[in-house]
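Shown next: upload03.cif, containing mmCIF, C-alpha atoms.
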```
data_structure
loop_
_atom_site.label_atom_id
_atom_site.label_comp_id
_atom_site.auth_asym_id
_atom_site.auth_seq_id
_atom_site.Cartn_x
_atom_site.Cartn_y
_atom_site.Cartn_z
CA MET L 1 0.00 0.00 0.00
CA SER L 2 1.26 3.48 -0.86
CA ALA L 3 1.39 5.88 2.06
CA ILE L 4 -1.91 7.72 2.48
CA PRO L 5 -1.41 11.33 3.58
CA LEU L 6 -3.77 12.74 6.19
CA SER L 7 -4.83 16.38 6.29
CA ILE L 8 -6.11 17.74 9.60
CA ASP L 9 -9.51 19.37 9.29
CA HIS L 10 -9.79 20.32 12.95
CA THR L 11 -8.98 19.29 16.48
CA THR L 12 -11.24 19.49 19.53
CA LEU L 13 -10.66 20.88 23.04
CA ALA L 14 -13.29 20.05 25.67
CA ALA L 15 -14.23 21.73 28.95
CA ARG L 16 -17.17 22.07 31.34
CA ASP L 17 -17.53 25.80 30.62
CA LEU L 18 -17.23 27.07 27.05
CA ASP L 19 -16.86 30.70 28.12
CA LEU L 20 -13.87 29.90 30.32
CA LEU L 21 -12.33 27.82 27.54
CA VAL L 22 -12.73 30.68 25.08
CA GLU L 23 -11.32 33.17 27.60
CA SER L 24 -8.14 31.11 27.98
CA PHE L 25 -7.34 31.90 24.33
CA ARG L 26 -8.59 35.49 24.42
CA ARG L 27 -6.09 36.25 27.17
CA LEU L 28 -3.38 35.50 24.60
CA GLY L 29 -4.91 37.80 21.99
CA LEU L 30 -6.49 34.92 20.08
CA ASN L 31 -10.22 35.36 19.64
CA PRO L 32 -12.34 32.26 19.00
CA VAL L 33 -15.66 32.92 17.29
CA TYR L 34 -18.84 31.46 18.75
CA GLY L 35 -20.16 28.87 16.31
CA GLY L 36 -23.52 27.98 17.82
CA ALA L 37 -25.28 24.82 19.00
CA HIS L 38 -24.99 21.42 17.37
CA SER L 39 -28.03 19.58 16.04
CA ASN L 40 -27.76 17.10 18.95
CA GLY L 41 -29.25 19.83 21.16
CA VAL L 42 -26.62 19.26 23.85
CA THR L 43 -23.27 20.70 22.79
CA HIS L 44 -22.17 24.06 21.47
CA MET L 45 -18.83 25.31 20.24
CA ALA L 46 -16.48 28.10 19.28
CA VAL L 47 -13.97 28.13 16.43
CA LEU L 48 -10.35 29.30 16.30
CA GLY L 49 -9.52 29.30 12.58
CA PHE L 50 -6.01 29.27 11.09
CA PRO L 51 -4.67 30.61 7.78
CA ASP L 52 -4.15 27.10 6.36
CA GLY L 53 -7.87 26.33 6.81
CA SER L 54 -7.57 24.06 9.86
CA TYR L 55 -9.18 25.06 13.14
CA ILE L 56 -9.49 24.27 16.82
CA GLU L 57 -13.02 23.50 17.96
CA LEU L 58 -13.73 24.51 21.56
CA ILE L 59 -16.63 22.41 22.82
CA SER L 60 -18.83 22.10 25.89
CA THR L 61 -22.43 21.38 26.81
CA LEU L 62 -25.10 24.04 26.60
CA ARG L 63 -25.87 23.46 30.29
CA PRO L 64 -23.22 22.32 32.79
CA GLY L 65 -23.54 18.67 33.73
CA GLN L 66 -25.55 17.57 30.69
CA ASN L 67 -24.76 14.14 29.31
CA SER L 68 -22.98 14.68 26.02
CA PRO L 69 -23.34 12.08 23.25
CA TRP L 70 -19.62 12.48 22.48
CA TRP L 71 -16.62 13.22 24.68
CA ASP L 72 -18.76 13.30 27.80
CA GLN L 73 -15.93 12.42 30.20
CA ALA L 74 -13.56 14.88 28.52
CA ILE L 75 -16.13 17.67 28.86
CA ARG L 76 -17.01 16.82 32.46
CA THR L 77 -13.35 16.80 33.53
CA SER L 78 -12.21 19.72 31.32
CA ALA L 79 -9.71 17.35 29.73
CA GLY L 80 -8.72 19.66 26.87
CA PRO L 81 -7.58 17.69 23.79
CA CYS L 82 -10.08 14.96 23.04
CA ALA L 83 -10.43 14.43 19.27
CA TRP L 84 -9.18 15.10 15.78
CA ALA L 85 -10.76 15.00 12.34
CA ILE L 86 -9.39 14.71 8.82
CA GLN L 87 -10.78 16.07 5.59
CA ALA L 88 -12.40 13.32 3.52
CA LYS L 89 -13.11 13.95 -0.13
CA GLY L 90 -15.23 10.90 -0.76
CA ILE L 91 -16.26 9.97 2.77
CA ASP L 92 -18.22 6.90 1.67
CA GLU L 93 -15.22 5.48 -0.17
CA GLU L 94 -12.84 6.01 2.75
CA ALA L 95 -15.37 4.51 5.18
CA ARG L 96 -15.61 1.42 2.94
CA ARG L 97 -11.81 1.17 2.67
CA LEU L 98 -11.37 1.17 6.44
CA ALA L 99 -14.26 -1.29 6.91
CA GLY L 100 -12.56 -3.57 4.39
CA LEU L 101 -9.47 -3.56 6.63
CA GLY L 102 -11.55 -4.77 9.57
CA ILE L 103 -12.18 -1.41 11.23
CA PRO L 104 -15.79 -0.89 12.39
CA VAL L 105 -17.12 2.39 10.98
CA ARG L 106 -20.22 4.27 12.14
CA GLY L 107 -21.73 6.44 9.43
CA PRO L 108 -21.52 8.48 7.34
CA LEU L 109 -24.09 10.53 9.24
CA MET L 110 -25.36 13.99 8.39
CA LEU L 111 -25.06 16.60 11.15
CA SER L 112 -25.51 20.34 11.36
CA ARG L 113 -25.32 23.40 13.56
CA LEU L 114 -27.02 26.76 13.42
CA ARG L 115 -24.67 29.73 13.52
CA PRO L 116 -25.66 32.75 15.63
CA ASP L 117 -26.42 34.65 12.39
CA GLY L 118 -29.01 32.04 11.43
CA VAL L 119 -26.94 30.24 8.78
CA ARG L 120 -27.31 26.46 8.93
CA ILE L 121 -24.14 24.48 8.25
CA GLU L 122 -24.30 20.82 7.24
CA TRP L 123 -21.69 18.10 6.92
CA GLU L 124 -21.23 14.33 7.02
CA LEU L 125 -19.21 12.44 9.63
CA ALA L 126 -17.91 8.89 9.81
CA PHE L 127 -16.36 7.38 12.94
CA PRO L 128 -13.76 4.63 12.50
CA ASP L 129 -13.23 2.38 15.52
CA GLU L 130 -15.48 1.73 18.50
CA LYS L 131 -13.91 4.33 20.76
CA GLU L 132 -14.97 7.94 21.18
CA PRO L 133 -14.76 9.75 17.83
CA GLY L 134 -11.21 10.84 17.03
CA SER L 135 -9.65 9.20 20.10
CA THR L 136 -6.81 7.58 18.20
CA LEU L 137 -7.94 7.10 14.62
CA PRO L 138 -9.24 10.37 13.20
CA PHE L 139 -12.90 10.71 12.39
CA LEU L 140 -13.84 11.74 8.86
CA ILE L 141 -15.65 14.91 7.87
CA GLU L 142 -16.94 16.08 4.50
CA ASP L 143 -18.87 19.30 3.97
CA ILE L 144 -22.33 19.47 2.44
CA THR L 145 -22.60 23.25 2.66
CA PRO L 146 -19.53 25.29 1.58
CA ARG L 147 -16.63 24.82 3.98
CA GLU L 148 -16.09 28.57 4.32
CA LEU L 149 -19.44 28.69 6.14
CA ARG L 150 -18.02 26.30 8.74
CA VAL L 151 -14.73 28.07 9.38
CA GLN L 152 -12.93 31.30 8.52
CA PRO L 153 -9.33 32.18 9.48
CA ALA L 154 -9.23 34.44 12.54
CA PRO L 155 -7.26 37.65 11.71
CA ALA L 156 -5.66 37.71 15.17
CA VAL L 157 -4.23 34.21 14.59
CA ALA L 158 -2.36 35.23 11.45
CA GLN L 159 -1.19 38.45 13.12
CA ALA L 160 0.25 36.35 15.96
CA GLY L 161 2.38 34.43 13.45
CA LEU L 162 0.50 31.12 13.55
CA ILE L 163 -0.13 29.08 10.41
CA GLY L 164 -2.24 26.07 11.35
CA ILE L 165 -2.44 22.77 13.21
CA ARG L 166 0.71 20.81 12.48
CA LYS L 167 0.53 17.72 14.72
CA VAL L 168 -1.85 15.81 16.95
CA VAL L 169 -0.09 14.15 19.89
CA LEU L 170 -1.91 10.93 20.80
CA GLY L 171 -1.50 9.45 24.26
CA VAL L 172 -1.23 5.66 23.87
CA GLY L 173 -0.56 2.71 26.12
CA SER L 174 1.81 0.97 23.70
CA LEU L 175 3.93 2.89 21.21
CA SER L 176 4.65 -0.19 19.11
CA ALA L 177 1.02 -1.35 18.91
CA ALA L 178 -0.30 2.11 18.02
CA ALA L 179 2.43 2.66 15.43
CA ARG L 180 1.72 -0.69 13.82
CA ARG L 181 -1.95 0.22 13.48
CA PHE L 182 -1.21 3.43 11.58
CA GLU L 183 1.32 1.59 9.42
CA GLU L 184 -1.25 -1.05 8.50
CA LEU L 185 -4.19 1.28 7.90
CA TYR L 186 -2.41 4.10 6.07
CA GLY L 187 0.71 2.46 4.65
CA TRP L 188 3.09 4.67 6.63
CA PRO L 189 6.72 3.67 7.16
CA GLN L 190 7.96 2.96 10.67
CA PRO L 191 8.21 6.12 12.80
CA GLU L 192 11.23 7.82 14.31
CA ILE L 193 11.42 7.32 18.09
CA GLU L 194 12.79 9.65 20.74
CA GLU L 195 12.37 10.19 24.47
CA GLN L 196 11.18 13.51 25.89
CA PRO L 197 11.58 13.43 29.70
CA GLY L 198 10.20 16.97 30.00
CA PHE L 199 6.94 15.78 28.43
CA GLY L 200 7.04 12.51 30.33
CA ALA L 201 6.83 10.36 27.22
CA ARG L 202 8.53 8.31 24.54
CA LEU L 203 7.43 9.76 21.22
CA ALA L 204 6.98 8.30 17.74
CA SER L 205 6.76 10.64 14.75
CA PHE L 206 5.74 9.60 11.23
CA ALA L 207 7.67 11.62 8.64
CA GLY L 208 5.39 13.96 6.70
CA GLN L 209 2.28 12.96 8.63
CA PRO L 210 0.39 14.97 11.29
CA VAL L 211 0.66 12.36 14.05
CA ILE L 212 2.95 11.96 17.06
CA LEU L 213 2.37 9.05 19.43
CA ALA L 214 3.20 9.48 23.12
CA GLU L 215 3.74 6.59 25.55
CA PRO L 216 4.27 7.38 29.27
CA ILE L 217 7.76 6.85 30.65
CA ASP L 218 6.57 7.33 34.24
CA LEU L 219 3.71 5.09 35.37
CA ASP L 220 2.78 7.70 38.00
CA GLY L 221 3.18 10.70 35.69
CA TRP L 222 0.54 12.97 34.18
CA LEU L 223 0.25 11.05 30.91
CA ALA L 224 -0.22 7.67 32.60
CA GLN L 225 -2.86 9.21 34.88
CA ARG L 226 -4.59 10.74 31.87
CA LEU L 227 -4.65 7.36 30.10
CA ASP L 228 -6.16 5.75 33.22
CA ARG L 229 -8.85 8.44 33.34
CA LEU L 230 -9.70 8.87 29.66
CA GLY L 231 -8.14 5.99 27.75
CA GLU L 232 -6.15 6.58 24.58
CA THR L 233 -6.92 10.05 23.28
CA PRO L 234 -5.16 13.19 22.04
CA CYS L 235 -3.10 14.71 24.84
CA ALA L 236 -1.63 17.76 23.07
CA PHE L 237 -1.82 19.71 19.82
CA VAL L 238 1.06 21.34 17.98
CA LEU L 239 0.55 24.50 15.92
CA ALA L 240 2.85 25.63 13.12
CA CYS L 241 4.68 28.92 12.67
CA ARG L 242 7.52 29.96 10.36
CA LYS L 243 9.95 30.81 13.17
CA LEU L 244 9.34 30.96 16.91
CA THR L 245 11.24 34.26 17.07
CA GLU L 246 8.59 35.76 14.74
CA VAL L 247 5.62 34.69 16.89
CA SER L 248 3.92 37.45 18.85
CA PRO L 249 5.42 37.85 22.35
CA ASN L 250 1.83 38.24 23.58
CA LEU L 251 1.49 34.48 23.25
CA GLY L 252 3.97 34.05 26.12
CA LEU L 253 5.61 30.92 24.74
CA SER L 254 7.60 28.98 27.34
CA ASN L 255 9.73 25.87 27.90
CA PRO L 256 11.30 25.72 24.43
CA THR L 257 12.60 22.31 23.45
CA VAL L 258 13.50 20.34 20.35
CA TRP L 259 11.23 17.55 19.14
CA PHE L 260 12.51 15.49 16.21
CA GLY L 261 14.98 18.15 15.21
CA THR L 262 12.54 21.07 15.31
CA LEU L 263 12.10 23.73 17.97
CA LEU L 264 8.77 24.09 19.77
CA ALA L 265 7.47 25.96 22.80
CA TRP L 266 4.24 25.86 24.81
CA LEU L 267 1.35 28.28 25.08
CA PRO L 268 0.67 29.34 28.70
CA LEU L 269 -2.71 27.62 28.94
CA SER L 270 -4.01 26.24 32.23
CA GLY L 271 -4.80 22.68 33.25
CA ASP L 272 -4.78 20.05 30.52
CA LEU L 273 -4.87 22.56 27.64
CA ARG L 274 -1.52 21.47 26.21
CA VAL L 275 -0.95 23.35 22.96
CA ALA L 276 2.53 23.94 21.55
CA VAL L 277 3.86 26.04 18.67
CA GLN L 278 6.51 24.53 16.39
CA GLN L 279 8.48 26.25 13.68
CA MET L 280 8.49 24.89 10.16
CA SER L 281 12.28 24.53 9.80
CA ALA L 282 13.70 21.18 10.86
CA HIS L 283 17.34 21.51 11.85
CA ALA L 284 18.16 20.39 15.39
CA GLU L 285 21.31 22.45 15.91
CA ARG L 286 19.69 25.64 14.74
CA GLY L 287 16.75 24.82 17.01
CA ARG L 288 19.03 24.51 20.01
CA GLN L 289 20.68 27.84 19.22
CA GLU L 290 17.30 29.58 18.97
CA LYS L 291 16.19 27.90 22.20
CA GLU L 292 19.05 29.59 23.99
CA ALA L 293 18.03 32.96 22.49
CA LEU L 294 14.41 32.75 23.78
#
```

Would you give me this structure, written as structure tokens?
Amino acid sequence: MSAIPLSIDHTTLAARDLDLLVESFRRLGLNPVYGGAHSNGVTHMAVLGFPDGSYIELISTLRPGQNSPWWDQAIRTSAGPCAWAIQAKGIDEEARRLAGLGIPVRGPLMLSRLRPDGVRIEWELAFPDEKEPGSTLPFLIEDITPRELRVQPAPAVAQAGLIGIRKVVLGVGSLSAAARRFEELYGWPQPEIEEQPGFGARLASFAGQPVILAEPIDLDGWLAQRLDRLGETPCAFVLACRKLTEVSPNLGLSNPTVWFGTLLAWLPLSGDLRVAVQQMSAHAERGRQEKEAL
């Protein structure tokens, strides 16, 4: 099988209170736009759109404590990263391909939400695997209405020097088992492995693909505890910029480090909202030099 490239459509951050979640980004000068309620009648969301067309979905329930049909535990515990979706041009075909490889697939299903300005947006979703949507394998999304109705780049994001969502970091119990699954389903070559003690994980990165796997190196550490609480699920997102030194100082990036030869630093978000910014260049020595300059 030839390697199948994946393109991130959006990632999802969950919390008990949508207003507080939105405010955590507004404090940094990034202004999510309220997107309205979903057709399930339970959840609502805000959108932080990026110049490359990807976006972060901030999600919660309309009323605190409601049972959500998706990501209920993540919402109740304000777990932050909980899902990721890829763009599917031909969602039926991709759902059939995955089903043919033995992966149970729910859908495609048509869903919608009503924007505050009264515009109804419609799309189709398909959920590979039996876990929560987008826990490890991405869920599939294909627009029915024009995509620009679903998301628009936020001007403040581009002004801050951010480009888009570059990587989803998936917390997994076994690096080898998770890597083998992506290799089998998408034809990817074996990943590069490195240990990041500061993140508390052994990481696996697939060249040219938007996925990093993270296995705990400390059975009592934050990642192991998160896996016990939520199961395998995204544990961090990585945004792209051209150079960290060109990113707005208002973002307050901290703890610069080098992952797989490329410099990244973390947004000062509270709790489990782990979002990093990584520059597009990929030279380890240059990254270390710039780390010292930050």

Could you list, as a PyMOL selection string, every residue within 7 Å of L:Pro153, counting only C-alpha atoms and ignoring same-chain residues fewer than 5 positions away? chain L and resi 49-51+53

Item to complete: Extract, using all atoms listed in the file, all DNA, RNA and protein residues at most 12 Å from L:Gln225, discarding same-chain residues fewer than 5 positions from it, and format them as a list in words.
Response: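 Residues near the query, excluding close chain neighbours: Ala79, Gly171, Val172, Gly173, Gly200, Glu215, Pro216, Ile217, Asp218, Leu219, Asp220, Leu230, Gly231, Glu232, Cys235 and Asp272 of chain L.
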
| Neighbour list for L:Gln279 as a PyMOL selection string, cut-off 9 Å, all atoms listed in the file, skip fewer than 3 positions in-chain | chain L and resi 239-244+262-264+282

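When you apply the PyMOL selection byres ((chain L and resi 77) around 12) to this structure, what comes back is Leu13, Ala14, Ala15, Arg16, Asp17, Ser60, Pro64, Gly65, Trp71, Asp72, Gln73, Ala74, Ile75, Arg76, Ser78, Ala79, Gly80, Pro81, Cys82, Arg226, Arg229, Leu230, Gly271, Asp272 and Leu273 of chain L.
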
### Message
Using only C-alpha atoms, which protein or nucleic acid residues come within 7 Å of stretch 118-132 of chain L? Drop anything in the same chain fewer than 3 positions from it, and give the result as a PyMOL selection string.
### Response
chain L and resi 70-71+95+103-115+135+137+139-145+149-150

_On this structure, the PyMOL selection byres ((chain L and resi 36) around 6) would catch which residues? List them as a list of chain:residue names, sorted by chain and number._
L:Tyr34, L:Gly35, L:Ala37, L:His44, L:Met45, L:Leu114, L:Arg115, L:Pro116
